[in-house]
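> For reference, the file work.json (JSON, C-alpha atoms) is included below:
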```
[["chain", "number", "residue", "atom", "x", "y", "z"],
["L", 14, "MET", "CA", -31.15, 33.45, -2.64],
["L", 15, "GLY", "CA", -28.24, 34.56, -4.90],
["L", 16, "ALA", "CA", -26.35, 36.04, -1.92],
["L", 17, "LEU", "CA", -26.30, 32.71, -0.11],
["L", 18, "HIS", "CA", -24.86, 30.98, -3.16],
["L", 19, "TYR", "CA", -22.38, 33.81, -3.62],
["L", 20, "ASN", "CA", -21.21, 33.45, -0.01],
["L", 21, "GLU", "CA", -20.72, 29.70, -0.52],
["L", 22, "ARG", "CA", -18.63, 30.33, -3.64],
["L", 23, "LEU", "CA", -16.60, 32.94, -1.76],
["L", 24, "ARG", "CA", -16.03, 30.50, 1.11],
["L", 25, "GLN", "CA", -14.83, 27.83, -1.33],
["L", 26, "ALA", "CA", -12.48, 30.25, -3.11],
["L", 27, "ASN", "CA", -11.02, 31.38, 0.22],
["L", 28, "LYS", "CA", -9.95, 27.79, 0.95],
["L", 29, "TYR", "CA", -7.23, 28.26, -1.67],
["L", 30, "VAL", "CA", -3.80, 29.59, -0.77],
["L", 31, "ILE", "CA", -3.71, 32.97, -2.52],
["L", 32, "THR", "CA", -0.17, 34.23, -3.09],
["L", 33, "SER", "CA", -0.53, 36.65, -6.02],
["L", 34, "GLU", "CA", -2.84, 38.91, -7.97],
["L", 35, "ALA", "CA", -2.85, 36.23, -10.70],
["L", 36, "ASP", "CA", -4.29, 33.74, -8.18],
["L", 37, "ILE", "CA", -7.00, 36.26, -7.31],
["L", 38, "LYS", "CA", -7.89, 36.81, -10.98],
["L", 39, "ILE", "CA", -8.16, 33.08, -11.65],
["L", 40, "LEU", "CA", -10.20, 32.28, -8.53],
["L", 41, "THR", "CA", -12.46, 35.31, -9.01],
["L", 42, "HIS", "CA", -13.20, 34.12, -12.53],
["L", 43, "ALA", "CA", -13.53, 30.42, -11.64],
["L", 44, "PHE", "CA", -15.92, 31.03, -8.74],
["L", 45, "HIS", "CA", -17.70, 33.97, -10.41],
["L", 46, "LEU", "CA", -16.91, 36.45, -7.64],
["L", 47, "LYS", "CA", -16.96, 40.22, -7.55],
["L", 48, "PRO", "CA", -13.60, 41.99, -7.99],
["L", 49, "GLY", "CA", -12.05, 42.79, -4.62],
["L", 50, "SER", "CA", -13.66, 39.78, -2.90],
["L", 51, "LEU", "CA", -10.35, 37.96, -2.39],
["L", 52, "LYS", "CA", -7.07, 39.05, -0.82],
["L", 53, "VAL", "CA", -3.47, 37.80, -1.05],
["L", 54, "ASP", "CA", -2.70, 35.55, 1.95],
["L", 55, "GLY", "CA", 1.04, 36.14, 1.88],
["L", 56, "PRO", "CA", 4.19, 34.85, 0.20],
["L", 57, "ALA", "CA", 4.18, 31.38, -1.32],
["L", 58, "ASP", "CA", 5.58, 28.40, 0.55],
["L", 59, "ARG", "CA", 7.90, 26.76, -1.99],
["L", 60, "THR", "CA", 7.68, 23.25, -0.49],
["L", 61, "PRO", "CA", 4.23, 22.35, -1.93],
["L", 62, "ARG", "CA", 5.27, 23.79, -5.31],
["L", 63, "ARG", "CA", 8.42, 21.63, -5.35],
["L", 64, "TYR", "CA", 6.35, 18.56, -4.47],
["L", 65, "THR", "CA", 3.86, 19.32, -7.27],
["L", 66, "ALA", "CA", 6.71, 19.96, -9.72],
["L", 67, "ASP", "CA", 8.33, 16.64, -8.77],
["L", 68, "ARG", "CA", 5.03, 14.80, -9.25],
["L", 69, "LEU", "CA", 4.41, 16.41, -12.64],
["L", 70, "ASN", "CA", 7.92, 15.83, -13.96],
["L", 71, "SER", "CA", 8.07, 12.27, -12.66],
["L", 72, "MET", "CA", 4.78, 11.32, -14.30],
["L", 73, "LEU", "CA", 5.83, 12.97, -17.57],
["L", 74, "ALA", "CA", 9.15, 11.08, -17.46],
["L", 75, "ASN", "CA", 7.24, 7.82, -16.94],
["L", 76, "GLY", "CA", 5.22, 8.37, -20.11],
["L", 77, "HIS", "CA", 1.90, 9.47, -18.66],
["L", 78, "THR", "CA", -0.17, 11.77, -20.86],
["L", 79, "LEU", "CA", -0.82, 15.28, -19.62],
["L", 80, "PRO", "CA", -4.64, 14.84, -19.48],
["L", 81, "ALA", "CA", -4.18, 11.63, -17.44],
["L", 82, "ILE", "CA", -1.77, 13.38, -15.08],
["L", 83, "PHE", "CA", -4.20, 16.25, -14.51],
["L", 84, "GLU", "CA", -7.15, 13.92, -13.93],
["L", 85, "ARG", "CA", -5.28, 11.61, -11.56],
["L", 86, "ASN", "CA", -3.99, 14.48, -9.43],
["L", 87, "GLU", "CA", -7.23, 16.50, -9.43],
["L", 88, "TRP", "CA", -5.57, 19.37, -11.24],
["L", 89, "SER", "CA", -7.19, 21.92, -13.52],
["L", 90, "LEU", "CA", -5.65, 24.39, -15.91],
["L", 91, "ALA", "CA", -6.20, 28.13, -16.20],
["L", 92, "ARG", "CA", -4.83, 30.65, -18.65],
["L", 93, "SER", "CA", -4.44, 34.25, -17.63],
["L", 94, "GLU", "CA", -2.71, 36.95, -19.64],
["L", 95, "GLY", "CA", -1.06, 34.37, -21.88],
["L", 96, "LYS", "CA", 0.37, 32.34, -18.99],
["L", 97, "TYR", "CA", -0.77, 28.88, -17.84],
["L", 98, "TYR", "CA", -1.52, 28.02, -14.21],
["L", 99, "LEU", "CA", -2.02, 24.64, -12.60],
["L", 100, "ILE", "CA", -4.90, 24.60, -10.10],
["L", 101, "ASP", "CA", -4.49, 21.87, -7.50],
["L", 102, "ARG", "CA", -8.09, 21.30, -6.43],
["L", 103, "ARG", "CA", -7.13, 18.78, -3.74],
["L", 104, "ASP", "CA", -4.46, 20.86, -1.98],
["L", 105, "LYS", "CA", -6.08, 24.24, -2.85],
["L", 106, "GLU", "CA", -2.97, 25.73, -4.45],
["L", 107, "LEU", "CA", -2.25, 27.51, -7.75],
["L", 108, "TYR", "CA", 1.10, 27.44, -9.54],
["L", 109, "PRO", "CA", 2.45, 29.00, -12.73],
["L", 110, "VAL", "CA", 3.21, 26.01, -14.96],
["L", 111, "ASP", "CA", 6.52, 27.53, -16.05],
["L", 112, "LYS", "CA", 7.67, 27.33, -12.40],
["L", 113, "LEU", "CA", 6.89, 23.59, -12.29],
["L", 114, "THR", "CA", 8.63, 22.27, -15.39],
["L", 115, "ARG", "CA", 10.98, 23.34, -18.14],
["L", 116, "GLN", "CA", 9.36, 20.96, -20.58],
["L", 117, "LYS", "CA", 7.28, 22.38, -23.40],
["L", 118, "LEU", "CA", 3.79, 21.05, -22.68],
["L", 119, "ASP", "CA", 0.88, 20.58, -25.07],
["L", 120, "PHE", "CA", -2.34, 21.50, -23.23],
["L", 121, "GLY", "CA", -4.53, 20.55, -26.21],
["L", 122, "GLY", "CA", -6.37, 17.73, -24.42],
["L", 123, "ILE", "CA", -7.10, 19.69, -21.26],
["L", 124, "GLN", "CA", -10.07, 22.00, -20.71],
["L", 125, "THR", "CA", -8.68, 25.40, -19.80],
["L", 126, "LEU", "CA", -10.31, 28.18, -17.83],
["L", 127, "ASN", "CA", -9.47, 31.32, -19.79],
["L", 128, "THR", "CA", -9.72, 34.29, -17.45],
["L", 129, "ASP", "CA", -9.29, 36.68, -20.35],
["L", 130, "LYS", "CA", -12.78, 35.77, -21.61],
["L", 131, "ALA", "CA", -16.02, 36.57, -19.83],
["L", 132, "ILE", "CA", -18.32, 33.81, -18.65],
["L", 133, "ALA", "CA", -21.36, 33.50, -20.90],
["L", 134, "PRO", "CA", -24.36, 35.37, -19.42],
["L", 135, "GLU", "CA", -26.61, 32.27, -19.39],
["L", 136, "ALA", "CA", -23.91, 30.29, -17.58],
["L", 137, "ALA", "CA", -23.49, 33.08, -15.03],
["L", 138, "ARG", "CA", -27.24, 33.02, -14.31],
["L", 139, "ARG", "CA", -27.14, 29.23, -13.79],
["L", 140, "LEU", "CA", -24.25, 29.69, -11.40],
["L", 141, "GLU", "CA", -26.16, 32.28, -9.36],
["L", 142, "HIS", "CA", -29.13, 29.96, -8.88],
["L", 143, "ARG", "CA", -27.27, 26.70, -8.32],
["L", 144, "SER", "CA", -27.05, 25.29, -4.82],
["L", 145, "ALA", "CA", -24.44, 22.57, -4.70],
["L", 146, "PRO", "CA", -21.68, 21.26, -2.46],
["L", 147, "VAL", "CA", -18.04, 21.71, -3.49],
["L", 148, "GLY", "CA", -18.07, 18.74, -5.85],
["L", 149, "GLY", "CA", -21.11, 20.16, -7.58],
["L", 150, "MET", "CA", -19.45, 23.56, -7.81],
["L", 151, "LEU", "CA", -16.38, 22.04, -9.47],
["L", 152, "GLU", "CA", -18.64, 20.16, -11.89],
["L", 153, "LEU", "CA", -20.39, 23.42, -12.70],
["L", 154, "ILE", "CA", -17.07, 25.16, -13.34],
["L", 155, "ALA", "CA", -16.12, 22.34, -15.73],
["L", 156, "GLU", "CA", -19.54, 22.71, -17.37],
["L", 157, "LEU", "CA", -18.95, 26.46, -17.78],
["L", 158, "LEU", "CA", -15.58, 25.78, -19.41],
["L", 159, "LEU", "CA", -17.20, 23.36, -21.83],
["L", 160, "SER", "CA", -20.10, 25.69, -22.68],
["L", 161, "ASN", "CA", -17.66, 28.54, -23.40],
["L", 162, "SER", "CA", -15.52, 26.35, -25.68],
["L", 163, "GLN", "CA", -18.62, 25.02, -27.49],
["L", 164, "ARG", "CA", -19.92, 28.57, -27.99],
["L", 165, "GLU", "CA", -16.54, 29.64, -29.40],
["L", 166, "SER", "CA", -16.54, 26.61, -31.71],
["L", 167, "LYS", "CA", -20.04, 27.46, -33.02],
["L", 168, "GLN", "CA", -19.01, 31.08, -33.63],
["L", 169, "SER", "CA", -15.95, 29.87, -35.54],
["L", 170, "GLU", "CA", -18.13, 27.55, -37.66],
["L", 171, "ARG", "CA", -20.51, 30.43, -38.47],
["L", 172, "ARG", "CA", -17.58, 32.59, -39.57],
["L", 173, "LYS", "CA", -16.31, 29.82, -41.85],
["L", 174, "LYS", "CA", -19.77, 29.37, -43.41],
["L", 175, "ARG", "CA", -20.03, 33.12, -44.04],
["L", 176, "LYS", "CA", -16.65, 33.10, -45.77],
["L", 177, "LEU", "CA", -17.71, 30.16, -47.95],
["L", 178, "LYS", "CA", -20.92, 31.94, -49.01],
["L", 179, "ARG", "CA", -18.93, 34.94, -50.25]]
```
Could you express the structure from this file as structure tokens?


Amino acid sequence: MGALHYNERLRQANKYVITSEADIKILTHAFHLKPGSLKVDGPADRTPRRYTADRLNSMLANGHTLPAIFERNEWSLARSEGKYYLIDRRDKELYPVDKLTRQKLDFGGIQTLNTDKAIAPEAARRLEHRSAPVGGMLELIAELLLSNSQRESKQSERRKKRKLKR
């Protein structure tokens, strides 16, 4: 049963244009794949990146908030090795944010997939046994992001309580 779901996740990840090892790391983490499952497709086509950069910068210039921009364009955010990446879920592309804009952006209101942290074991088990179409898979990825951030928040609260007791 798990293999079927794994193959579906692999198929969905392979729909993305993969142009770098960073793309592979992000997609492997997002879709909970085994290392070595994905390969670089080839060099990046700069035209879609320019279009995405123009869209982002135009919406920022017109006063839209970053969370609203990401939601409207079906974008997600990933962080890998200290660098932020925009994931275009509609066009199946990934871009380093620093290649899209020179503006200093505040990602505070956007859930971020942090590839430097492991997925919680209970969330990984749910992913293995979940059968869902693409929309369901994206919802599950968002759910995993939220569960990781909630777990980190609870751990931080526990640390604060321990310090107060001392």

> Would you list the contacts of Asp119 (chain L) as a PyMOL selection string, taking every protein, DNA or RNA residue within 12 Å and counting all atoms listed in the file, but skipping same-chain residues closer than 3 positions in sequence?

chain L and resi 73+78-80+90+97+110+116+122-125

> So, counting all atoms listed in the file, which residue among L:Asn20, L:Asn70, L:Ser93, L:Thr114 is closest to Leu40 (chain L)?

L:Ser93

> Please compute the CA of Ser33 (chain L)-CA of Lys130 (chain L) distance, one decimal, in Å.

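Separation between CA of Ser33 (chain L) and CA of Lys130 (chain L): 19.8 Å.
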
> Given the choices L:Arg63, L:Arg68, L:Lys52, L:Arg92, which gets closest to Thr32 (chain L) if the distance is worked out from all atoms listed in the file?

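Between L:Arg63, L:Arg68, L:Lys52, L:Arg92, the residue approaching Thr32 (chain L) most closely is L:Lys52.
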